[in-house]
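Student: As input, take run36.pdb (PDB, C-alpha atoms):
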```pdb
ATOM      1  CA  MET A  30     156.550 150.407  99.310
ATOM      2  CA  PHE A  31     153.396 152.239 100.422
ATOM      3  CA  ASP A  32     151.287 149.283  99.278
ATOM      4  CA  ASP A  33     153.498 146.934 101.323
ATOM      5  CA  ILE A  34     152.931 149.093 104.427
ATOM      6  CA  LEU A  35     149.157 149.184 103.929
ATOM      7  CA  ALA A  36     149.042 145.416 103.427
ATOM      8  CA  ALA A  37     150.971 144.823 106.670
ATOM      9  CA  ILE A  38     148.881 147.036 108.993
ATOM     10  CA  PRO A  39     145.996 144.549 109.539
ATOM     11  CA  PHE A  40     148.507 141.798 110.356
ATOM     12  CA  GLY A  41     150.142 143.991 113.006
ATOM     13  CA  ILE A  42     146.797 144.804 114.643
ATOM     14  CA  PHE A  43     145.766 141.142 114.533
ATOM     15  CA  LEU A  44     149.042 140.103 116.180
ATOM     16  CA  ALA A  45     148.597 142.682 118.962
ATOM     17  CA  PHE A  46     145.199 141.230 119.881
ATOM     18  CA  THR A  47     146.184 137.575 119.641
ATOM     19  CA  ILE A  48     145.141 136.000 122.924
ATOM     20  CA  GLY A  49     148.002 134.381 124.804
ATOM     21  CA  PRO A  50     150.012 134.641 128.046
ATOM     22  CA  VAL A  51     151.774 137.799 126.860
ATOM     23  CA  PHE A  52     148.461 139.560 126.143
ATOM     24  CA  PHE A  53     147.180 139.110 129.693
ATOM     25  CA  VAL A  54     150.479 139.773 131.465
ATOM     26  CA  LEU A  55     151.029 142.984 129.470
ATOM     27  CA  LEU A  56     147.650 144.384 130.555
ATOM     28  CA  GLU A  57     148.178 143.261 134.156
ATOM     29  CA  THR A  58     151.655 144.833 134.274
ATOM     30  CA  SER A  59     150.350 148.154 132.975
ATOM     31  CA  ALA A  60     147.404 148.211 135.377
ATOM     32  CA  THR A  61     149.435 147.281 138.455
ATOM     33  CA  LYS A  62     152.925 148.682 137.798
ATOM     34  CA  GLY A  63     152.382 151.525 135.342
ATOM     35  CA  PHE A  64     153.178 152.508 131.770
ATOM     36  CA  LYS A  65     156.984 152.360 131.938
ATOM     37  CA  SER A  66     157.037 148.871 133.483
ATOM     38  CA  ALA A  67     154.646 147.553 130.831
ATOM     39  CA  LEU A  68     156.743 149.213 128.119
ATOM     40  CA  ILE A  69     159.913 147.457 129.348
ATOM     41  CA  PHE A  70     158.020 144.160 129.464
ATOM     42  CA  ASP A  71     156.768 144.721 125.912
ATOM     43  CA  LEU A  72     160.287 145.472 124.658
ATOM     44  CA  GLY A  73     161.306 142.042 125.932
ATOM     45  CA  VAL A  74     158.412 140.554 123.973
ATOM     46  CA  ILE A  75     159.452 142.448 120.826
ATOM     47  CA  PHE A  76     163.059 141.272 121.227
ATOM     48  CA  ALA A  77     161.859 137.641 121.219
ATOM     49  CA  ASP A  78     159.796 138.409 118.094
ATOM     50  CA  ILE A  79     162.884 139.831 116.365
ATOM     51  CA  ILE A  80     164.804 136.622 117.111
ATOM     52  CA  PHE A  81     161.937 134.560 115.674
ATOM     53  CA  ILE A  82     161.862 136.772 112.572
ATOM     54  CA  LEU A  83     165.604 136.347 112.032
ATOM     55  CA  LEU A  84     165.248 132.613 112.559
ATOM     56  CA  ALA A  85     162.402 132.448 110.051
ATOM     57  CA  PHE A  86     164.308 134.531 107.490
ATOM     58  CA  TYR A  87     167.774 133.040 107.707
ATOM     59  CA  SER A  88     167.411 129.466 108.953
ATOM     60  CA  THR A  89     167.339 126.588 106.533
ATOM     61  CA  ASN A  90     163.955 125.065 105.839
ATOM     62  CA  LYS A  91     165.042 121.823 107.543
ATOM     63  CA  ILE A  92     165.684 123.591 110.857
ATOM     64  CA  VAL A  93     162.409 125.487 110.707
ATOM     65  CA  ASP A  94     160.472 122.350 109.755
ATOM     66  CA  LYS A  95     162.076 120.476 112.652
ATOM     67  CA  LEU A  96     161.029 123.203 115.079
ATOM     68  CA  LYS A  97     157.475 123.127 113.735
ATOM     69  CA  ASP A  98     157.028 119.364 113.552
ATOM     70  CA  ASP A  99     159.006 118.075 116.543
ATOM     71  CA  PRO A 100     156.565 117.768 119.494
ATOM     72  CA  ASN A 101     159.492 117.866 121.949
ATOM     73  CA  PHE A 102     159.832 121.609 121.425
ATOM     74  CA  VAL A 103     156.120 122.079 122.141
ATOM     75  CA  ILE A 104     156.404 119.904 125.259
ATOM     76  CA  PHE A 105     159.451 121.867 126.428
ATOM     77  CA  GLY A 106     157.583 125.158 126.058
ATOM     78  CA  GLY A 107     154.567 123.670 127.832
ATOM     79  CA  VAL A 108     156.679 122.485 130.765
ATOM     80  CA  LEU A 109     158.246 125.937 131.134
ATOM     81  CA  LEU A 110     154.859 127.693 131.077
ATOM     82  CA  VAL A 111     153.331 125.218 133.535
ATOM     83  CA  THR A 112     156.304 125.633 135.875
ATOM     84  CA  TYR A 113     156.132 129.409 135.591
ATOM     85  CA  GLY A 114     152.367 129.398 136.192
ATOM     86  CA  ILE A 115     152.649 127.203 139.308
ATOM     87  CA  ILE A 116     155.494 129.285 140.744
ATOM     88  CA  SER A 117     153.633 132.544 140.039
ATOM     89  CA  PHE A 118     150.405 131.263 141.588
ATOM     90  CA  THR A 119     152.195 129.944 144.689
ATOM     91  CA  LYS A 120     154.277 133.090 145.085
ATOM     92  CA  THR A 121     151.231 135.348 144.674
ATOM     93  CA  SER A 122     149.206 133.320 147.173
ATOM     94  CA  LYS A 123     151.862 133.977 149.821
ATOM     95  CA  SER A 124     152.551 137.627 149.038
ATOM     96  CA  PHE A 125     149.432 139.690 149.749
ATOM     97  CA  ARG A 126     151.366 141.962 152.119
ATOM     98  CA  SER A 127     154.069 142.627 149.525
ATOM     99  CA  ILE A 128     151.337 143.495 146.993
ATOM    100  CA  VAL A 129     149.965 146.047 149.457
ATOM    101  CA  ARG A 130     153.446 147.558 149.891
ATOM    102  CA  GLU A 131     153.993 147.577 146.114
ATOM    103  CA  TYR A 132     150.606 149.235 145.566
ATOM    104  CA  HIS A 133     151.608 152.187 147.750
ATOM    105  CA  LYS A 134     155.129 152.383 146.330
ATOM    106  CA  VAL A 135     155.659 155.383 144.020
ATOM    107  CA  GLU A 136     159.045 154.494 142.536
ATOM    108  CA  ILE A 137     160.112 151.177 141.053
ATOM    109  CA  LYS A 138     163.726 150.104 141.402
ATOM    110  CA  LYS A 139     165.750 149.993 138.190
ATOM    111  CA  ASN A 140     166.740 146.350 138.614
ATOM    112  CA  VAL A 141     163.034 145.443 138.415
ATOM    113  CA  TYR A 142     162.940 146.750 134.849
ATOM    114  CA  GLY A 143     165.570 144.217 133.810
ATOM    115  CA  LYS A 144     163.464 141.428 135.305
ATOM    116  CA  LEU A 145     160.406 142.698 133.435
ATOM    117  CA  PHE A 146     162.335 142.697 130.138
ATOM    118  CA  ILE A 147     163.483 139.106 130.734
ATOM    119  CA  LYS A 148     159.952 138.117 131.746
ATOM    120  CA  GLY A 149     158.512 139.508 128.495
ATOM    121  CA  PHE A 150     161.215 137.804 126.450
ATOM    122  CA  PHE A 151     160.744 134.476 128.241
ATOM    123  CA  LEU A 152     156.941 134.338 127.961
ATOM    124  CA  ASN A 153     157.107 135.027 124.224
ATOM    125  CA  PHE A 154     160.160 132.934 123.385
ATOM    126  CA  VAL A 155     158.946 129.668 124.951
ATOM    127  CA  ASN A 156     155.832 129.697 122.745
ATOM    128  CA  ILE A 157     156.758 127.890 119.522
ATOM    129  CA  GLY A 158     153.431 129.060 118.106
ATOM    130  CA  VAL A 159     154.886 132.566 117.826
ATOM    131  CA  LEU A 160     157.571 131.285 115.452
ATOM    132  CA  ILE A 161     154.935 129.508 113.382
ATOM    133  CA  GLY A 162     152.910 132.725 113.313
ATOM    134  CA  TRP A 163     155.841 134.689 111.933
ATOM    135  CA  LEU A 164     156.435 132.001 109.322
ATOM    136  CA  VAL A 165     152.805 132.438 108.235
ATOM    137  CA  PHE A 166     153.185 136.241 108.119
ATOM    138  CA  ILE A 167     156.379 135.988 106.070
ATOM    139  CA  ALA A 168     154.693 133.532 103.684
ATOM    140  CA  ALA A 169     151.815 135.992 103.335
ATOM    141  CA  GLY A 170     154.309 138.785 102.725
ATOM    142  CA  ASN A 171     155.939 136.786  99.961
ATOM    143  CA  SER A 172     152.600 136.589  98.158
ATOM    144  CA  LEU A 173     151.633 140.223  98.821
ATOM    145  CA  THR A 174     154.948 141.895  97.977
ATOM    146  CA  GLU A 175     156.920 141.869  94.755
ATOM    147  CA  THR A 176     160.497 142.374  95.953
ATOM    148  CA  LYS A 177     162.724 141.233  98.804
ATOM    149  CA  GLU A 178     162.921 144.814 100.051
ATOM    150  CA  GLY A 179     159.144 144.965  99.993
ATOM    151  CA  LEU A 180     159.018 141.852 102.181
ATOM    152  CA  TYR A 181     161.382 143.492 104.681
ATOM    153  CA  VAL A 182     159.146 146.582 104.758
ATOM    154  CA  PHE A 183     156.092 144.338 105.199
ATOM    155  CA  VAL A 184     157.564 142.484 108.201
ATOM    156  CA  ALA A 185     158.980 145.665 109.765
ATOM    157  CA  THR A 186     155.578 147.352 109.453
ATOM    158  CA  ILE A 187     153.862 144.425 111.186
ATOM    159  CA  LEU A 188     156.320 144.712 114.073
ATOM    160  CA  ILE A 189     155.921 148.508 114.339
ATOM    161  CA  VAL A 190     152.105 148.398 114.185
ATOM    162  CA  TYR A 191     152.130 145.584 116.733
ATOM    163  CA  PHE A 192     154.260 147.695 119.091
ATOM    164  CA  LEU A 193     152.189 150.872 118.587
ATOM    165  CA  THR A 194     148.960 148.952 119.236
ATOM    166  CA  ASP A 195     150.513 147.546 122.391
ATOM    167  CA  LEU A 196     151.255 151.096 123.532
ATOM    168  CA  VAL A 197     147.557 151.915 123.173
ATOM    169  CA  LYS A 198     146.651 148.787 125.162
ATOM    170  CA  ILE A 199     149.155 149.761 127.862
ATOM    171  CA  ALA A 200     147.772 153.298 128.081
ATOM    172  CA  VAL A 201     144.174 152.044 128.351
ATOM    173  CA  ALA A 202     145.082 149.445 130.993
ATOM    174  CA  LYS A 203     146.999 152.066 133.000
ATOM    175  CA  ARG A 204     143.798 154.066 133.424
ATOM    176  CA  LEU A 205     142.436 151.161 135.456
ATOM    177  CA  ARG A 206     145.133 151.523 138.118
ATOM    178  CA  ASN A 207     143.144 154.023 140.187
ATOM    179  CA  ARG A 208     140.261 151.555 140.356
ATOM    180  CA  LEU A 209     142.420 148.637 141.513
ATOM    181  CA  THR A 210     142.602 147.779 145.192
ATOM    182  CA  PRO A 211     145.395 145.580 146.610
ATOM    183  CA  ARG A 212     142.920 142.715 146.987
ATOM    184  CA  LEU A 213     141.783 143.053 143.361
ATOM    185  CA  ILE A 214     145.437 143.128 142.225
ATOM    186  CA  PHE A 215     146.000 139.992 144.311
ATOM    187  CA  LYS A 216     143.110 138.205 142.582
ATOM    188  CA  THR A 217     144.194 139.443 139.159
ATOM    189  CA  LYS A 218     147.731 138.102 139.613
ATOM    190  CA  LYS A 219     146.352 134.717 140.640
ATOM    191  CA  ILE A 220     144.066 134.629 137.590
ATOM    192  CA  ILE A 221     146.979 135.557 135.280
ATOM    193  CA  ALA A 222     149.074 132.758 136.821
ATOM    194  CA  LEU A 223     146.230 130.297 136.163
ATOM    195  CA  VAL A 224     145.896 131.567 132.559
ATOM    196  CA  ILE A 225     149.624 130.958 131.976
ATOM    197  CA  LEU A 226     149.280 127.520 133.582
ATOM    198  CA  GLY A 227     146.344 126.787 131.263
ATOM    199  CA  PHE A 228     148.312 127.728 128.149
ATOM    200  CA  GLY A 229     151.179 125.551 129.365
ATOM    201  CA  ILE A 230     148.853 122.565 129.805
ATOM    202  CA  LEU A 231     147.426 123.198 126.327
ATOM    203  CA  LEU A 232     150.938 123.125 124.837
ATOM    204  CA  LEU A 233     151.726 119.928 126.747
ATOM    205  CA  VAL A 234     148.593 118.233 125.416
ATOM    206  CA  GLN A 235     149.442 119.324 121.858
ATOM    207  CA  GLY A 236     152.999 118.033 122.245
ATOM    208  CA  LEU A 237     152.117 114.740 123.933
ATOM    209  CA  PHE A 238     149.166 113.934 121.647
ATOM    210  CA  PRO A 239     150.007 115.442 118.218
ATOM    211  CA  GLN A 240     147.952 112.769 116.434
ATOM    212  CA  GLY A 241     144.856 113.786 118.367
ATOM    213  CA  LYS A 242     145.334 117.366 117.219
ATOM    214  CA  GLU A 243     145.660 116.255 113.594
ATOM    215  CA  ARG A 244     142.519 114.103 113.860
ATOM    216  CA  LEU A 245     140.610 117.041 115.341
ATOM    217  CA  GLN A 246     141.714 119.275 112.447
ATOM    218  CA  GLU A 247     140.683 116.616 109.922
ATOM    219  CA  GLU A 248     137.283 116.247 111.636
ATOM    220  CA  ILE A 249     136.700 119.992 111.514
ATOM    221  CA  GLU A 250     137.702 120.164 107.831
ATOM    222  CA  HIS A 251     135.433 117.205 107.080
ATOM    223  CA  ARG A 252     132.448 118.857 108.786
ATOM    224  CA  LEU A 253     133.079 122.106 106.955
TER     225      LEU A 253
END
```
In structure tokens, write the structure found in this file.
Tutor:
Amino acid sequence: MFDDILAAIPFGIFLAFTIGPVFFVLLETSATKGFKSALIFDLGVIFADIIFILLAFYSTNKIVDKLKDDPNFVIFGGVLLVTYGIISFTKTSKSFRSIVREYHKVEIKKNVYGKLFIKGFFLNFVNIGVLIGWLVFIAAGNSLTETKEGLYVFVATILIVYFLTDLVKIAVAKRLRNRLTPRLIFKTKKIIALVILGFGILLLVQGLFPQGKERLQEEIEHRL
């Protein structure tokens, strides 16, 4: 069991530093809203990961293969991210005064925490690449562990290390809060919205032109 835990730790750290919409929004939430808000957001992200893990473990191979190979799911996720990015950018552009009020606000209402949880869940769940990533991790676990229980320990360790590393990221980002001005927060939110929009467009391109992606991979393999 100890060997299974050691083998899983690098995967958990790698997952925590995988660049994606969640990575940027988590840091922005910690820096602008504080540790507790970022923690609630991250719990939503983890909940989506747990659903993907259960899907990867207990779904039939046909369902999983359909999710991986059907470009419609990628397009759907891309449309959601693009829509979210546009709405966030537009809303931020019109809300500088509310950002100023939020910056000086000491206490955050409890109902906001529920929205942050849903936001974390949504941003992670619409990315089909996360499911594929967990399938890769589970496949790696199958080769690195000797028993089914060992595989469970391996996957659980990845999730725990991922969460603990996120806590460190949240704590570091929170230290930046004192250096943030309302105008800098305003610009940061707009940049995050554009990043999410960019990832959405990337998913759309991958879904609409899957053959182009395959040709690019073949070209890279050929050059290597």
Student: Name every residue that the PyMOL selection byres ((chain A and resi 33-37) around 8) selects in this structure, writing the answer as a list in words with chains first and numbers rising.
Tutor: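 Against this file, the PyMOL selection byres ((chain A and resi 33-37) around 8) returns the residues Met30, Phe31, Asp32, Ile38, Pro39, Phe40, Gly41, Gly170, Leu173, Thr174, Gly179, Leu180, Val182, Phe183, Val184, Thr186 and Ile187 of chain A.
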Student: Written as a PyMOL selection string, what is the full residue list that the PyMOL selection byres ((chain A and resi 153-169) around 7) yields on the file shown?
Tutor: chain A and resi 51+74+77+81-82+85+97+103+106+149-152+170-173+184
Student: Mind dumping the selected residues with C-alpha atoms as a tab-separated table (two decimals), in the coordinates of the input?
Tutor:
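Full text of selection_37.tsv as output:
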```
chain	number	residue	atom	x	y	z
A	51	VAL	CA	151.77	137.80	126.86
A	74	VAL	CA	158.41	140.55	123.97
A	77	ALA	CA	161.86	137.64	121.22
A	81	PHE	CA	161.94	134.56	115.67
A	82	ILE	CA	161.86	136.77	112.57
A	85	ALA	CA	162.40	132.45	110.05
A	97	LYS	CA	157.48	123.13	113.74
A	103	VAL	CA	156.12	122.08	122.14
A	106	GLY	CA	157.58	125.16	126.06
A	149	GLY	CA	158.51	139.51	128.50
A	150	PHE	CA	161.22	137.80	126.45
A	151	PHE	CA	160.74	134.48	128.24
A	152	LEU	CA	156.94	134.34	127.96
A	170	GLY	CA	154.31	138.78	102.72
A	171	ASN	CA	155.94	136.79	99.96
A	172	SER	CA	152.60	136.59	98.16
A	173	LEU	CA	151.63	140.22	98.82
A	184	VAL	CA	157.56	142.48	108.20
```
Student: If the PyMOL selection byres ((chain A and resi 57) around 10) is run on the structure shown, which residues does it catch, given as a list in words?
Tutor: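 In the shown coordinates, the PyMOL selection byres ((chain A and resi 57) around 10) covers Val51, Phe52, Phe53, Val54, Leu55, Leu56, Thr58, Ser59, Ala60, Thr61, Lys62, Gly63, Ala67, Ile199, Ala202, Lys203, Leu205, Arg206, Ile214, Thr217, Lys218 and Ile221 of chain A.
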Student: Suppose you want the space between CA of Val201 in chain A and CA of Leu68 in chain A; what is it in Å?
Tutor: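 Separation between CA of Val201 in chain A and CA of Leu68 in chain A: 12.9 Å.
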Student: Axis-aligned box over every listed atom of range 180-197 of chain A, padded by 3 Å per side: centre and edges in Å to one decimal, as AutoDock Vina command-line options?
Tutor:
```
--center_x 154.5 --center_y 146.9 --center_z 112.9 --size_x 19.8 --size_y 16.1 --size_z 27.4
```
Student: What does the distance between CA of Gly229 in chain A and CA of Ala200 in chain A come to in Å, to one decimal place?
Tutor: 28.0 Å
Student: Range 43-46 of chain A: which residues within 9 Å, counting all atoms listed in the file, same-chain residues fewer than 6 positions away excluded, as a list in words?
Tutor: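 Answer for this query is Phe52, Gly162, Ile187, Leu188, Val190, Tyr191, Phe192, Leu193, Thr194, Asp195 and Lys198 of chain A.
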Student: Could you tell me how far CA of Phe118 in chain A sits from CA of Leu233 in chain A, in Å to one decimal place?
Tutor: 18.7 Å
Student: Between A:Ile147, A:Leu226, A:Leu196, A:Leu232, which residue has the minimum interatomic distance to Phe76 in chain A, considering all atoms listed in the file?
Tutor: A:Ile147
Student: Between A:Tyr181, A:Gly49, A:Phe228, A:Phe64, which is the closest to Arg204 in chain A once you count only C-alpha atoms?
Tutor: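 Residue with the minimum atom-to-atom distance to Arg204 in chain A: A:Phe64.
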